[in-house]
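Engineer: My questions will all concern the structure given below.
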Amino acid sequence: MNENGADMRYPLEGIRVVDLTVVWSGPGATALLGDLGAEVIRIEGNNRLSRQASAKTTRAMVEHAGWHRNTYPDGDPEPRPYDRSAIFNWHARNKLAACMNLETPEGHEAALKLIAISDVLVENNTNRVLEKLGIGHESLLELNPRLIVARMPPMGMAGPMSNYLGYGPNFNSLVGIAAMDGYEGEDPDSAGENYHMDEAAPAGLAFAVLAGLWDRDRTGRGGLIEFAQAENVMQDIGEYFLDYQMRDRNPAVLGNTDPSLLQDAYRTAEDDRWVVISIRDDRDWTALGEVVGDADWLSLGGTRAQRQENSRKLRDGIAAWCADRPVDDIVTRLQAARVPATEVMSETRLLDDPHLAARDWFQERSHPAVGTYKYPGHPWRADGFDLAFGRALPAFGEDNEYVYKGLLGYSDEQYQDLVERRLVTQEQLA
Amino acid sequence: MSGHDERRQVFTGLRVVDLSRWVAGEYATKLFADFGGDVIKIEKPGDGSHTRRWVPTPDDRPEPEANPLFLHLNTNKRSVAADLRSAAGRDLVLRLIARSDAVVESFRPGHLEKLGLGPDVLHRVNPKLVITRISAFGQSGPYRDREATGIVLQAAGGPMNATGDAHRAPQRKPGLLEQYTIGRTAGEAALAGLYHARRTGKGSTIDVSGQEVLLSSADRRASYLLSTAYSGIDAPRGVRSAHRGSATFTGPFRAADGFVMIYITNQEFWNRLVRLIGAGDEAFQRRFLDRPRLGDDWDDWDDFMAYLHAWFAARPKIEIMEVAEAARIPCTAFLQMDELFVHQHFRQRGAFVTAGHPVAGDLDYLGAPWRMRDGFQLRHTAPALGAHTDEVAAELGATGATSPHQDVSRGTRP
């Protein structure tokens, strides 16, 4: 630990994290640790697609790829697709990248050297991947007893279904979330985009790592954090788990409605622009009435019981009112009357949003691999310490020299040997 | 170092004052309470937290002392009934905060200041304090005072614009999911602040905007925002997993007794699926194996889908999941709460913990969100409104005496 504590700018200054994460939830977690000032070092084999983008992807190949093409700057993956994909770069801020192929003896040795001088290791691979690579947590904790090893298998490391195959939506369905998801009164259908398990994991994992560091200050020891993502996301419907036991029922598919609010999403006069409006109580209803002015349905919703009984009819009335109006007009007038309402925001609108601009939320960054763009900002901000937002992304292998020579003490000759044998490269080969 | 204490947990000795009254704040502080922190909820006398009144269907009558939402969110906490608008209530809370490590609040921006409990006041009585402020749109900016509900947050922050069918309304995620994301993130922020305070002796004030939490999240919103910054194109509605282009075949399918979720992301998974549903049907397999691009631009897509639907509809969901897993195809059953409750995987892992409550009786609560040394324990169920008012007042009144909760962290810094 840095002894000049009082001068620290970031909470995790001096903490080094080895990042073996892939796809969404794990990288989202290590991004949060990087925000806190930890030195997050991604270990990437040049023979794998650790960034969800292949070196072989060409302009011609994505020509017909539909929206997927737009994950690259100007729709162009070349010349280095793995440095240019938004699917990687959204979480890549502050991170370092070192090329290390764990399936080779040289890569294995370098990884162990790095782990020996690190505080945290995070991985979200399938169960047993680390063991197959000879770096299971037991051996790593022997090597470095102060290490915190955070592992994120979706169903946990043990139990009858711990090795079941699946992605986020698969496990959302197992814990009961998918069965609640869909249009009001219809069959459940998560309609394309519900990756809530991925949304839930990063902050939970970062909290768990911080808790591990907190405990290490007392005990001097690190240890294993078993982060079963399904058990973490299950917390987010804990009230239904208790409700089932108390009232013997399963949750219904409510769509955009809510049990205690009069609420829905409504089409506006503008092309495919939608507004959501919630009526919480009688005051909101009166305020809505004053904005709408004159409509026959307004007399049918003065009390909560009436709004519940006439819900469909009232929402049809609100829908008709919204259909003739521009979205900004609806939102501005309702918010002026203190009625909860907002546009269902597209990405384009958010990039120009005056509120986010006033809060300096997006961060403009340049990187030679992509150019200059706005990046999504931090999830929160603090007065009293800083959050890091340095380099927008590490190009593949960008920090090879720093890691091998600077941290691990490889000589010029040793390093050059690995480079010449293509074990350490600045390009992803796969 | 003393011998191992069974009751010791990660946050034993840490005190958090919970001024929040809704899901995000209460979930943030639950993380501390369940891992050993002394979390003291300040509740409005008579009313208590709003989570005592939220019910899952419009026909339910709230039971403030046995409401599922409150019971879930407030395990291991203490409750003090205090009116923050009265001098006595304010005085009690200030004395409590002077001996605490963190405060979490989710009032409208500016309300804490109106109560005379703004960050300046709190830091004067406790310079090391970490104050976490949760709001819909943050503590500054032109929309700071806008009104919000869960769906408003999802629409302003979440990926809602890209959900639902292309020609129908965007669709929010169910339940109170957005609140949990915001709360979990606020908890992470608070703990980061505490870690900083432990290392530097300096307190902080943290601004958690629910909108920004969701905008930065891994539920695709942050990646969509960056994609749009890169290429100028909005994420489309009505396209499953837009990021993956035509490579993904996914969605729920009706089984004989419910639904299954299938998630095919590559050629190998696709071929396994074709072999599974076309077992014994050589013609079907020959026709559909090794299709390089998946999608409804095939002229025989409807044939394939009809075959698939018929195969799923003839089998129970658990059986489908088991045969799919045996063939290593990502395909899982939709479980309901009654099925989750008896599920052998989670039961064998000890994912649920039985505990008694004076009003609600014995219930199984969700257990550890993750496992670590000195981690989760269910020490006691959620408190009755004001159950610990006298106890806490007595602890504060005992001037000079060292509370067992008093800043143990100071004495244990390495």
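Chain labels run A, B, ... following the order of the structure tokens; each chain numbers its residues from 1, and ligands are numbered from 1 in the order shown.
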At a cut-off of 8 Å, using only C-alpha atoms, what residues contact region 74-80 of chain B? Leave out same-chain residues fewer than 6 positions from it and give the result as a PyMOL selection string.
Structural biologist: chain B and resi 26-27+30+33-34+38-43+378-389+392
Engineer: Write the residues you've just listed into a file as a compact mmCIF listing (two decimals), in the first residue's frame, and include C-alpha atoms for each of them.
Structural biologist:
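Output (again12.txt):
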```
# COMPACT_ATOMS: atom_id res chain seq x y z
CA GLU B 26 -32.03 0.37 0.44
CA TYR B 27 -30.29 -2.11 -1.85
CA LYS B 30 -28.27 -3.95 2.18
CA ALA B 33 -25.68 -4.89 6.20
CA ASP B 34 -25.53 -8.41 4.76
CA ASP B 38 -24.24 -1.85 11.22
CA VAL B 39 -26.81 -0.20 8.95
CA ILE B 40 -29.25 2.06 10.71
CA LYS B 41 -32.33 3.08 8.76
CA ILE B 42 -33.84 6.40 9.66
CA GLU B 43 -37.58 6.08 9.03
CA LEU B 378 -28.41 -13.45 7.65
CA ARG B 379 -28.04 -12.32 11.28
CA HIS B 380 -31.60 -11.08 11.59
CA THR B 381 -34.60 -10.28 9.42
CA ALA B 382 -35.86 -6.79 8.57
CA PRO B 383 -36.70 -4.54 11.52
CA ALA B 384 -40.09 -3.29 12.63
CA LEU B 385 -40.53 0.45 12.20
CA GLY B 386 -38.59 2.17 14.98
CA ALA B 387 -37.61 -1.11 16.66
CA HIS B 388 -34.16 0.22 17.53
CA THR B 389 -34.95 3.84 18.32
CA VAL B 392 -29.59 3.60 19.28
```
Engineer: Can you list, as a ChimeraX atom specification, every protein, DNA or RNA residue that comes within 9 Å of region 107-116 of chain B when you count only C-alpha atoms, leaving out same-chain residues fewer than 4 positions away?
Structural biologist: /B:19-21,84-85,90,120-121,133-136,138-140,144-145
Engineer: Would you export the selected residues with N, CA and C atoms as a short mmCIF file (atom, residue, chain, number, x, y, z; two decimals), in the first residue's frame, please?
Structural biologist:
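And here's part.cif as it stands now:
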```cif
data_model
loop_
_atom_site.label_atom_id
_atom_site.label_comp_id
_atom_site.auth_asym_id
_atom_site.auth_seq_id
_atom_site.Cartn_x
_atom_site.Cartn_y
_atom_site.Cartn_z
N LEU B 19 -30.65 6.95 4.98
CA LEU B 19 -31.74 7.92 4.97
C LEU B 19 -32.67 7.68 3.79
N SER B 20 -32.42 6.63 3.01
CA SER B 20 -33.21 6.42 1.79
C SER B 20 -34.53 5.75 2.13
N ARG B 21 -35.46 5.83 1.19
CA ARG B 21 -36.78 5.26 1.43
C ARG B 21 -37.28 4.44 0.26
N LEU B 84 -36.99 13.98 10.58
CA LEU B 84 -35.85 14.84 10.26
C LEU B 84 -36.23 16.32 10.25
N ARG B 85 -37.54 16.62 10.25
CA ARG B 85 -37.94 18.03 10.26
C ARG B 85 -38.03 18.58 11.67
N ARG B 90 -33.44 15.73 14.10
CA ARG B 90 -32.24 16.19 13.41
C ARG B 90 -31.02 16.05 14.33
N ASP B 120 -22.15 19.93 3.69
CA ASP B 120 -21.30 20.81 4.50
C ASP B 120 -21.53 20.58 5.98
N VAL B 121 -22.81 20.50 6.35
CA VAL B 121 -23.15 20.29 7.77
C VAL B 121 -22.64 18.93 8.24
N ARG B 133 -25.26 10.20 -2.56
CA ARG B 133 -26.55 10.83 -2.88
C ARG B 133 -27.08 10.22 -4.18
N ILE B 134 -28.23 9.57 -4.08
CA ILE B 134 -28.83 8.92 -5.25
C ILE B 134 -30.01 9.76 -5.72
N SER B 135 -30.05 10.03 -7.02
CA SER B 135 -31.18 10.77 -7.58
C SER B 135 -31.42 10.29 -9.00
N ALA B 136 -32.48 10.78 -9.61
CA ALA B 136 -32.82 10.32 -10.96
C ALA B 136 -31.85 10.89 -11.99
N GLY B 138 -29.20 13.29 -11.15
CA GLY B 138 -28.00 13.88 -10.58
C GLY B 138 -28.28 15.16 -9.81
N GLN B 139 -27.24 15.66 -9.14
CA GLN B 139 -27.39 16.82 -8.25
C GLN B 139 -27.19 18.14 -8.98
N SER B 140 -26.97 18.10 -10.30
CA SER B 140 -26.78 19.34 -11.05
C SER B 140 -27.35 19.16 -12.45
N ARG B 144 -32.09 18.42 -13.32
CA ARG B 144 -31.90 17.96 -11.95
C ARG B 144 -33.23 17.75 -11.22
N ASP B 145 -34.17 18.67 -11.44
CA ASP B 145 -35.41 18.61 -10.66
C ASP B 145 -36.54 17.89 -11.38
#
```
Engineer: Do a neighbour search on Thr149 (chain B) at 12 Å with only C-alpha atoms, toss out local chain neighbours closer than 6 positions, and write the hits as a VMD selection string.
Structural biologist: (chain A and resid 256 to 258 260 to 264 276 to 280 338 to 342) or (chain B and resid 22 to 24 135 to 137 155 to 157 172 176 178 to 179 210 to 211)
Engineer: Have a look at A:Arg221, A:Lys374, A:Arg333, A:Arg146 and name the one nearest to chain B; count only C-alpha atoms.
Structural biologist: A:Lys374
Engineer: Compare A:Gly107, A:Gly134, A:Gly37, A:Pro73 by their minimum atom-to-atom distance to chain B, counting only C-alpha atoms, and give me the closest one.
Structural biologist: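 Going through A:Gly107, A:Gly134, A:Gly37, A:Pro73 one by one, the smallest distance to chain B is for A:Pro73.
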Engineer: If we count only C-alpha atoms and set the cut-off at 12 Å, which residues sit around Asn125 (chain A), ignoring sequence neighbours fewer than 6 positions away in its own chain? Please answer as a VMD selection string.
Structural biologist: chain A and resid 19 to 27 50 131 to 133 136 150 to 157 163 165 to 167 227 to 229
